[in-house]
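So the structure is just underneath, and the comments pick up after that.
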2 protein chains.
Amino acid sequence: MDPGVAFGQVLRGLRREAGLSQEQLAFSAEIERNFVSLIERGVNQPSIRVIFKLAHALGISASQMLLLVENKMLDGLRSD
Amino acid sequence: MDPGVAFGQVLRGLRREAGLSQEQLAFSAEIERNFVSLIERGVNQPSIRVIFKLAHALGISASQMLLLVENKMLDGLRSD
């Protein structure tokens with residue numbers, strides 16, 4: 001699984017757990033709402049700056065977020 | 001400290017510890033050599049895909065690499 005695709009799935013999961021709309025998350029992270037949608041669908045690869053903004057807005061660290069991404073990628077391998 | 005700047009400093013440190021030139025790291029990570037230079041100088045913000053490629057080439061996980069970036073950013077705050 002591509003890291004960008006895994007990141008998008010993790011992002012969507014964390015956003016929903018937090019009870020936030022894409023618009024609310026975008027506002028909090030100071031990025032475009034459309035960008036949240038593109039990242040969640042794995043279309044757009046977030047930069048390190050955007051990763052930190054999103055993690056901060058979700059109340060976790062960027063490294064914790066990437067740990068979830070790595071676990072997601074491993075899950076993807078296991079289910080292949 | 002901007003996450004991109006901190007990432008560049010961490011990347012340079014890890015690359016030197018590994019005894020690799022920018023060209024060798026670029027080859028191993030399958031990215032342009034010039035791109036390694038731009039990232040190390042904090043000019044270019046790496047995408048999540050590039051972060052994973054660089055971490056893999058350096059033999060650490062992407063989440064471990066971001067942990068080092070977070071520590072670097074905290075160091076930056078302390079020395080302000």
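Labels for the structure tokens follow display order: chains A, B, ..., residues from 1 in each chain, ligands from 1.
The neighbours of Ala6 of chain A here are the residues that come within 10 Å of it, using only C-alpha atoms and leaving out any residue fewer than 3 positions away in the same chain; they are Met1, Asp2, Pro3, Gln9, Val10, Leu11, Ile39, Glu40, Arg41, Gly42, Leu66, Leu68, Val69, Glu70, Asn71, Lys72, Met73, Leu74, Asp75 and Gly76 of chain A.
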TODO: Please return, as a ChimeraX atom specification, all residues of chain B lying within 7 Å of chain A when only C-alpha atoms are considered.
DONE: /B:3-4,45-49,62-64,66-67
Task: Atomic distance atom CA of Ala29 of chain B - atom CA of Ala57 of chain B, expressed in Å with one decimal - done: 5.2 Å
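The spacing separating atom CA of Leu38 of chain A from atom CA of Arg78 of chain A amounts to 26.0 Å.
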- [ ] May I have the residues within 7 Å of segment 22-24 of chain A as an MDAnalysis selection string, using only C-alpha atoms and disregarding those fewer than 4 positions away in the same chain?
- [x] chainID A and resid 28 33 36:37
Task: Nearby residues (only C-alpha atoms) at most 8 Å from Leu58 of chain B, same-chain spacing under 4 positions excluded, as a ChimeraX atom specification - done: /B:14-15,18,25,54
Residues flagged helix (DSSP H, G or I) by DSSP in segment 7-78 of chain B, as a PDB file with N, CA, C and O atoms, in the first residue's frame:
```pdb
ATOM      1  N   PHE B   7      13.294  18.608   9.486  1.00  0.00           N
ATOM      2  CA  PHE B   7      13.448  17.353   8.743  1.00  0.00           C
ATOM      3  C   PHE B   7      14.765  17.355   7.964  1.00  0.00           C
ATOM      4  O   PHE B   7      15.480  16.358   7.937  1.00  0.00           O
ATOM      5  N   GLY B   8      15.068  18.480   7.347  1.00  0.00           N
ATOM      6  CA  GLY B   8      16.311  18.587   6.578  1.00  0.00           C
ATOM      7  C   GLY B   8      17.545  18.363   7.439  1.00  0.00           C
ATOM      8  O   GLY B   8      18.479  17.674   7.024  1.00  0.00           O
ATOM      9  N   GLN B   9      17.526  18.919   8.636  1.00  0.00           N
ATOM     10  CA  GLN B   9      18.679  18.769   9.535  1.00  0.00           C
ATOM     11  C   GLN B   9      18.803  17.326  10.019  1.00  0.00           C
ATOM     12  O   GLN B   9      19.910  16.778  10.105  1.00  0.00           O
ATOM     13  N   VAL B  10      17.649  16.702  10.310  1.00  0.00           N
ATOM     14  CA  VAL B  10      17.668  15.292  10.736  1.00  0.00           C
ATOM     15  C   VAL B  10      18.168  14.412   9.596  1.00  0.00           C
ATOM     16  O   VAL B  10      18.996  13.509   9.798  1.00  0.00           O
ATOM     17  N   LEU B  11      17.669  14.699   8.391  1.00  0.00           N
ATOM     18  CA  LEU B  11      18.074  13.907   7.225  1.00  0.00           C
ATOM     19  C   LEU B  11      19.584  13.989   7.013  1.00  0.00           C
ATOM     20  O   LEU B  11      20.255  12.957   6.825  1.00  0.00           O
ATOM     21  N   ARG B  12      20.128  15.209   7.062  1.00  0.00           N
ATOM     22  CA  ARG B  12      21.574  15.378   6.864  1.00  0.00           C
ATOM     23  C   ARG B  12      22.370  14.608   7.930  1.00  0.00           C
ATOM     24  O   ARG B  12      23.347  13.941   7.617  1.00  0.00           O
ATOM     25  N   GLY B  13      21.909  14.701   9.174  1.00  0.00           N
ATOM     26  CA  GLY B  13      22.593  13.991  10.262  1.00  0.00           C
ATOM     27  C   GLY B  13      22.593  12.484  10.052  1.00  0.00           C
ATOM     28  O   GLY B  13      23.632  11.828  10.189  1.00  0.00           O
ATOM     29  N   LEU B  14      21.441  11.934   9.703  1.00  0.00           N
ATOM     30  CA  LEU B  14      21.328  10.484   9.511  1.00  0.00           C
ATOM     31  C   LEU B  14      22.155  10.029   8.306  1.00  0.00           C
ATOM     32  O   LEU B  14      22.791   8.974   8.338  1.00  0.00           O
ATOM     33  N   ARG B  15      22.126  10.841   7.242  1.00  0.00           N
ATOM     34  CA  ARG B  15      22.883  10.474   6.036  1.00  0.00           C
ATOM     35  C   ARG B  15      24.383  10.440   6.340  1.00  0.00           C
ATOM     36  O   ARG B  15      25.087   9.509   5.934  1.00  0.00           O
ATOM     37  N   ARG B  16      24.860  11.428   7.097  1.00  0.00           N
ATOM     38  CA  ARG B  16      26.294  11.470   7.421  1.00  0.00           C
ATOM     39  C   ARG B  16      26.675  10.328   8.362  1.00  0.00           C
ATOM     40  O   ARG B  16      27.738   9.726   8.209  1.00  0.00           O
ATOM     41  N   GLU B  17      25.805  10.059   9.336  1.00  0.00           N
ATOM     42  CA  GLU B  17      26.047   8.919  10.245  1.00  0.00           C
ATOM     43  C   GLU B  17      26.178   7.616   9.447  1.00  0.00           C
ATOM     44  O   GLU B  17      26.967   6.746   9.802  1.00  0.00           O
ATOM     45  N   GLN B  22      25.118  12.538  -0.772  1.00  0.00           N
ATOM     46  CA  GLN B  22      23.751  12.860  -1.219  1.00  0.00           C
ATOM     47  C   GLN B  22      23.390  12.012  -2.439  1.00  0.00           C
ATOM     48  O   GLN B  22      22.259  11.567  -2.584  1.00  0.00           O
ATOM     49  N   GLU B  23      24.396  11.790  -3.289  1.00  0.00           N
ATOM     50  CA  GLU B  23      24.150  11.021  -4.512  1.00  0.00           C
ATOM     51  C   GLU B  23      23.804   9.558  -4.182  1.00  0.00           C
ATOM     52  O   GLU B  23      22.895   8.982  -4.776  1.00  0.00           O
ATOM     53  N   GLN B  24      24.542   9.007  -3.220  1.00  0.00           N
ATOM     54  CA  GLN B  24      24.291   7.608  -2.835  1.00  0.00           C
ATOM     55  C   GLN B  24      22.904   7.454  -2.201  1.00  0.00           C
ATOM     56  O   GLN B  24      22.177   6.499  -2.484  1.00  0.00           O
ATOM     57  N   LEU B  25      22.559   8.418  -1.341  1.00  0.00           N
ATOM     58  CA  LEU B  25      21.239   8.347  -0.698  1.00  0.00           C
ATOM     59  C   LEU B  25      20.133   8.499  -1.743  1.00  0.00           C
ATOM     60  O   LEU B  25      19.138   7.770  -1.710  1.00  0.00           O
ATOM     61  N   ALA B  26      20.331   9.442  -2.658  1.00  0.00           N
ATOM     62  CA  ALA B  26      19.329   9.675  -3.703  1.00  0.00           C
ATOM     63  C   ALA B  26      19.108   8.414  -4.537  1.00  0.00           C
ATOM     64  O   ALA B  26      17.978   8.031  -4.830  1.00  0.00           O
ATOM     65  N   PHE B  27      20.214   7.753  -4.875  1.00  0.00           N
ATOM     66  CA  PHE B  27      20.135   6.527  -5.681  1.00  0.00           C
ATOM     67  C   PHE B  27      19.355   5.458  -4.921  1.00  0.00           C
ATOM     68  O   PHE B  27      18.454   4.810  -5.455  1.00  0.00           O
ATOM     69  N   SER B  28      19.711   5.299  -3.644  1.00  0.00           N
ATOM     70  CA  SER B  28      19.090   4.271  -2.814  1.00  0.00           C
ATOM     71  C   SER B  28      17.601   4.553  -2.588  1.00  0.00           C
ATOM     72  O   SER B  28      16.774   3.640  -2.554  1.00  0.00           O
ATOM     73  N   ALA B  29      17.270   5.832  -2.428  1.00  0.00           N
ATOM     74  CA  ALA B  29      15.870   6.209  -2.163  1.00  0.00           C
ATOM     75  C   ALA B  29      15.075   6.419  -3.456  1.00  0.00           C
ATOM     76  O   ALA B  29      13.869   6.688  -3.407  1.00  0.00           O
ATOM     77  N   ARG B  33      19.100  13.507  -7.025  1.00  0.00           N
ATOM     78  CA  ARG B  33      20.143  13.940  -6.099  1.00  0.00           C
ATOM     79  C   ARG B  33      19.910  15.377  -5.650  1.00  0.00           C
ATOM     80  O   ARG B  33      20.053  15.722  -4.475  1.00  0.00           O
ATOM     81  N   ASN B  34      19.539  16.222  -6.590  1.00  0.00           N
ATOM     82  CA  ASN B  34      19.293  17.626  -6.284  1.00  0.00           C
ATOM     83  C   ASN B  34      18.180  17.786  -5.237  1.00  0.00           C
ATOM     84  O   ASN B  34      18.202  18.719  -4.434  1.00  0.00           O
ATOM     85  N   PHE B  35      17.254  16.866  -5.269  1.00  0.00           N
ATOM     86  CA  PHE B  35      16.117  16.890  -4.340  1.00  0.00           C
ATOM     87  C   PHE B  35      16.605  16.654  -2.904  1.00  0.00           C
ATOM     88  O   PHE B  35      16.129  17.299  -1.962  1.00  0.00           O
ATOM     89  N   VAL B  36      17.582  15.743  -2.738  1.00  0.00           N
ATOM     90  CA  VAL B  36      18.150  15.494  -1.401  1.00  0.00           C
ATOM     91  C   VAL B  36      18.749  16.791  -0.856  1.00  0.00           C
ATOM     92  O   VAL B  36      18.514  17.175   0.297  1.00  0.00           O
ATOM     93  N   SER B  37      19.504  17.474  -1.701  1.00  0.00           N
ATOM     94  CA  SER B  37      20.130  18.737  -1.302  1.00  0.00           C
ATOM     95  C   SER B  37      19.080  19.772  -0.893  1.00  0.00           C
ATOM     96  O   SER B  37      19.202  20.445   0.134  1.00  0.00           O
ATOM     97  N   LEU B  38      18.028  19.901  -1.687  1.00  0.00           N
ATOM     98  CA  LEU B  38      16.969  20.884  -1.404  1.00  0.00           C
ATOM     99  C   LEU B  38      16.228  20.548  -0.100  1.00  0.00           C
ATOM    100  O   LEU B  38      15.886  21.445   0.678  1.00  0.00           O
ATOM    101  N   ILE B  39      15.997  19.273   0.132  1.00  0.00           N
ATOM    102  CA  ILE B  39      15.308  18.860   1.367  1.00  0.00           C
ATOM    103  C   ILE B  39      16.213  19.126   2.575  1.00  0.00           C
ATOM    104  O   ILE B  39      15.766  19.661   3.587  1.00  0.00           O
ATOM    105  N   GLU B  40      17.494  18.769   2.450  1.00  0.00           N
ATOM    106  CA  GLU B  40      18.407  18.971   3.583  1.00  0.00           C
ATOM    107  C   GLU B  40      18.517  20.449   3.963  1.00  0.00           C
ATOM    108  O   GLU B  40      18.689  20.787   5.127  1.00  0.00           O
ATOM    109  N   ILE B  48       4.864  12.749   1.865  1.00  0.00           N
ATOM    110  CA  ILE B  48       4.879  11.530   2.683  1.00  0.00           C
ATOM    111  C   ILE B  48       5.547  10.379   1.935  1.00  0.00           C
ATOM    112  O   ILE B  48       6.265   9.581   2.539  1.00  0.00           O
ATOM    113  N   ARG B  49       5.356  10.301   0.641  1.00  0.00           N
ATOM    114  CA  ARG B  49       5.974   9.212  -0.128  1.00  0.00           C
ATOM    115  C   ARG B  49       7.498   9.312  -0.077  1.00  0.00           C
ATOM    116  O   ARG B  49       8.198   8.307   0.117  1.00  0.00           O
ATOM    117  N   VAL B  50       8.007  10.531  -0.232  1.00  0.00           N
ATOM    118  CA  VAL B  50       9.459  10.755  -0.206  1.00  0.00           C
ATOM    119  C   VAL B  50      10.022  10.516   1.202  1.00  0.00           C
ATOM    120  O   VAL B  50      11.111   9.955   1.361  1.00  0.00           O
ATOM    121  N   ILE B  51       9.263  10.905   2.229  1.00  0.00           N
ATOM    122  CA  ILE B  51       9.693  10.647   3.610  1.00  0.00           C
ATOM    123  C   ILE B  51       9.883   9.142   3.818  1.00  0.00           C
ATOM    124  O   ILE B  51      10.897   8.704   4.375  1.00  0.00           O
ATOM    125  N   PHE B  52       8.928   8.351   3.344  1.00  0.00           N
ATOM    126  CA  PHE B  52       9.030   6.893   3.495  1.00  0.00           C
ATOM    127  C   PHE B  52      10.214   6.339   2.695  1.00  0.00           C
ATOM    128  O   PHE B  52      10.921   5.448   3.159  1.00  0.00           O
ATOM    129  N   LYS B  53      10.439   6.864   1.501  1.00  0.00           N
ATOM    130  CA  LYS B  53      11.571   6.391   0.681  1.00  0.00           C
ATOM    131  C   LYS B  53      12.901   6.685   1.373  1.00  0.00           C
ATOM    132  O   LYS B  53      13.803   5.849   1.407  1.00  0.00           O
ATOM    133  N   LEU B  54      13.033   7.911   1.904  1.00  0.00           N
ATOM    134  CA  LEU B  54      14.286   8.313   2.557  1.00  0.00           C
ATOM    135  C   LEU B  54      14.513   7.494   3.822  1.00  0.00           C
ATOM    136  O   LEU B  54      15.632   7.010   4.069  1.00  0.00           O
ATOM    137  N   ALA B  55      13.464   7.331   4.627  1.00  0.00           N
ATOM    138  CA  ALA B  55      13.601   6.560   5.873  1.00  0.00           C
ATOM    139  C   ALA B  55      14.008   5.126   5.548  1.00  0.00           C
ATOM    140  O   ALA B  55      14.927   4.572   6.169  1.00  0.00           O
ATOM    141  N   HIS B  56      13.356   4.543   4.562  1.00  0.00           N
ATOM    142  CA  HIS B  56      13.669   3.165   4.165  1.00  0.00           C
ATOM    143  C   HIS B  56      15.137   3.048   3.736  1.00  0.00           C
ATOM    144  O   HIS B  56      15.847   2.120   4.150  1.00  0.00           O
ATOM    145  N   ALA B  57      15.594   4.011   2.946  1.00  0.00           N
ATOM    146  CA  ALA B  57      16.976   3.995   2.457  1.00  0.00           C
ATOM    147  C   ALA B  57      17.973   4.151   3.609  1.00  0.00           C
ATOM    148  O   ALA B  57      19.112   3.690   3.531  1.00  0.00           O
ATOM    149  N   LEU B  58      17.535   4.803   4.688  1.00  0.00           N
ATOM    150  CA  LEU B  58      18.409   5.027   5.844  1.00  0.00           C
ATOM    151  C   LEU B  58      18.242   3.934   6.899  1.00  0.00           C
ATOM    152  O   LEU B  58      18.920   3.958   7.938  1.00  0.00           O
ATOM    153  N   ALA B  62       9.724   5.565   9.109  1.00  0.00           N
ATOM    154  CA  ALA B  62       9.325   6.959   8.906  1.00  0.00           C
ATOM    155  C   ALA B  62       8.859   7.580  10.224  1.00  0.00           C
ATOM    156  O   ALA B  62       9.136   8.758  10.489  1.00  0.00           O
ATOM    157  N   SER B  63       8.188   6.789  11.064  1.00  0.00           N
ATOM    158  CA  SER B  63       7.707   7.334  12.346  1.00  0.00           C
ATOM    159  C   SER B  63       8.888   7.649  13.273  1.00  0.00           C
ATOM    160  O   SER B  63       8.871   8.664  13.978  1.00  0.00           O
ATOM    161  N   GLN B  64       9.921   6.803  13.253  1.00  0.00           N
ATOM    162  CA  GLN B  64      11.122   7.086  14.054  1.00  0.00           C
ATOM    163  C   GLN B  64      11.789   8.366  13.562  1.00  0.00           C
ATOM    164  O   GLN B  64      12.296   9.169  14.345  1.00  0.00           O
ATOM    165  N   MET B  65      11.790   8.539  12.246  1.00  0.00           N
ATOM    166  CA  MET B  65      12.408   9.729  11.674  1.00  0.00           C
ATOM    167  C   MET B  65      11.646  10.985  12.127  1.00  0.00           C
ATOM    168  O   MET B  65      12.263  11.992  12.474  1.00  0.00           O
ATOM    169  N   LEU B  66      10.315  10.922  12.139  1.00  0.00           N
ATOM    170  CA  LEU B  66       9.535  12.092  12.579  1.00  0.00           C
ATOM    171  C   LEU B  66       9.690  12.341  14.077  1.00  0.00           C
ATOM    172  O   LEU B  66       9.599  13.481  14.534  1.00  0.00           O
ATOM    173  N   LEU B  67       9.957  11.283  14.836  1.00  0.00           N
ATOM    174  CA  LEU B  67      10.235  11.465  16.268  1.00  0.00           C
ATOM    175  C   LEU B  67      11.516  12.300  16.429  1.00  0.00           C
ATOM    176  O   LEU B  67      11.577  13.213  17.261  1.00  0.00           O
ATOM    177  N   LEU B  68      12.514  12.014  15.621  1.00  0.00           N
ATOM    178  CA  LEU B  68      13.756  12.798  15.651  1.00  0.00           C
ATOM    179  C   LEU B  68      13.477  14.249  15.235  1.00  0.00           C
ATOM    180  O   LEU B  68      14.052  15.187  15.793  1.00  0.00           O
ATOM    181  N   VAL B  69      12.584  14.417  14.257  1.00  0.00           N
ATOM    182  CA  VAL B  69      12.223  15.762  13.798  1.00  0.00           C
ATOM    183  C   VAL B  69      11.527  16.531  14.925  1.00  0.00           C
ATOM    184  O   VAL B  69      11.829  17.707  15.170  1.00  0.00           O
ATOM    185  N   GLU B  70      10.626  15.854  15.629  1.00  0.00           N
ATOM    186  CA  GLU B  70       9.924  16.489  16.758  1.00  0.00           C
ATOM    187  C   GLU B  70      10.918  16.902  17.851  1.00  0.00           C
ATOM    188  O   GLU B  70      10.802  17.991  18.429  1.00  0.00           O
ATOM    189  N   ASN B  71      11.872  16.019  18.133  1.00  0.00           N
ATOM    190  CA  ASN B  71      12.896  16.358  19.146  1.00  0.00           C
ATOM    191  C   ASN B  71      13.720  17.557  18.701  1.00  0.00           C
ATOM    192  O   ASN B  71      14.037  18.438  19.498  1.00  0.00           O
ATOM    193  N   LYS B  72      14.053  17.579  17.430  1.00  0.00           N
ATOM    194  CA  LYS B  72      14.824  18.702  16.869  1.00  0.00           C
ATOM    195  C   LYS B  72      14.033  20.009  17.004  1.00  0.00           C
ATOM    196  O   LYS B  72      14.590  21.056  17.347  1.00  0.00           O
ATOM    197  N   MET B  73      12.739  19.952  16.751  1.00  0.00           N
ATOM    198  CA  MET B  73      11.905  21.148  16.871  1.00  0.00           C
ATOM    199  C   MET B  73      11.831  21.617  18.328  1.00  0.00           C
ATOM    200  O   MET B  73      11.837  22.815  18.597  1.00  0.00           O
ATOM    201  N   LEU B  74      11.769  20.670  19.268  1.00  0.00           N
ATOM    202  CA  LEU B  74      11.759  21.026  20.693  1.00  0.00           C
ATOM    203  C   LEU B  74      13.102  21.650  21.096  1.00  0.00           C
ATOM    204  O   LEU B  74      13.144  22.629  21.834  1.00  0.00           O
ATOM    205  N   ASP B  75      14.193  21.076  20.598  1.00  0.00           N
ATOM    206  CA  ASP B  75      15.522  21.654  20.862  1.00  0.00           C
ATOM    207  C   ASP B  75      15.561  23.097  20.383  1.00  0.00           C
ATOM    208  O   ASP B  75      16.100  23.970  21.051  1.00  0.00           O
ATOM    209  N   GLY B  76      14.987  23.321  19.197  1.00  0.00           N
ATOM    210  CA  GLY B  76      14.951  24.665  18.627  1.00  0.00           C
ATOM    211  C   GLY B  76      14.213  25.641  19.536  1.00  0.00           C
ATOM    212  O   GLY B  76      14.641  26.769  19.737  1.00  0.00           O
ATOM    213  N   LEU B  77      13.097  25.167  20.117  1.00  0.00           N
ATOM    214  CA  LEU B  77      12.313  26.020  21.026  1.00  0.00           C
ATOM    215  C   LEU B  77      13.123  26.355  22.279  1.00  0.00           C
ATOM    216  O   LEU B  77      13.149  27.479  22.735  1.00  0.00           O
ATOM    217  N   ARG B  78      13.801  25.306  22.840  1.00  0.00           N
ATOM    218  CA  ARG B  78      14.559  25.501  24.079  1.00  0.00           C
ATOM    219  C   ARG B  78      15.674  26.512  23.902  1.00  0.00           C
ATOM    220  O   ARG B  78      15.990  27.272  24.805  1.00  0.00           O
TER     221      ARG B  78
END
```
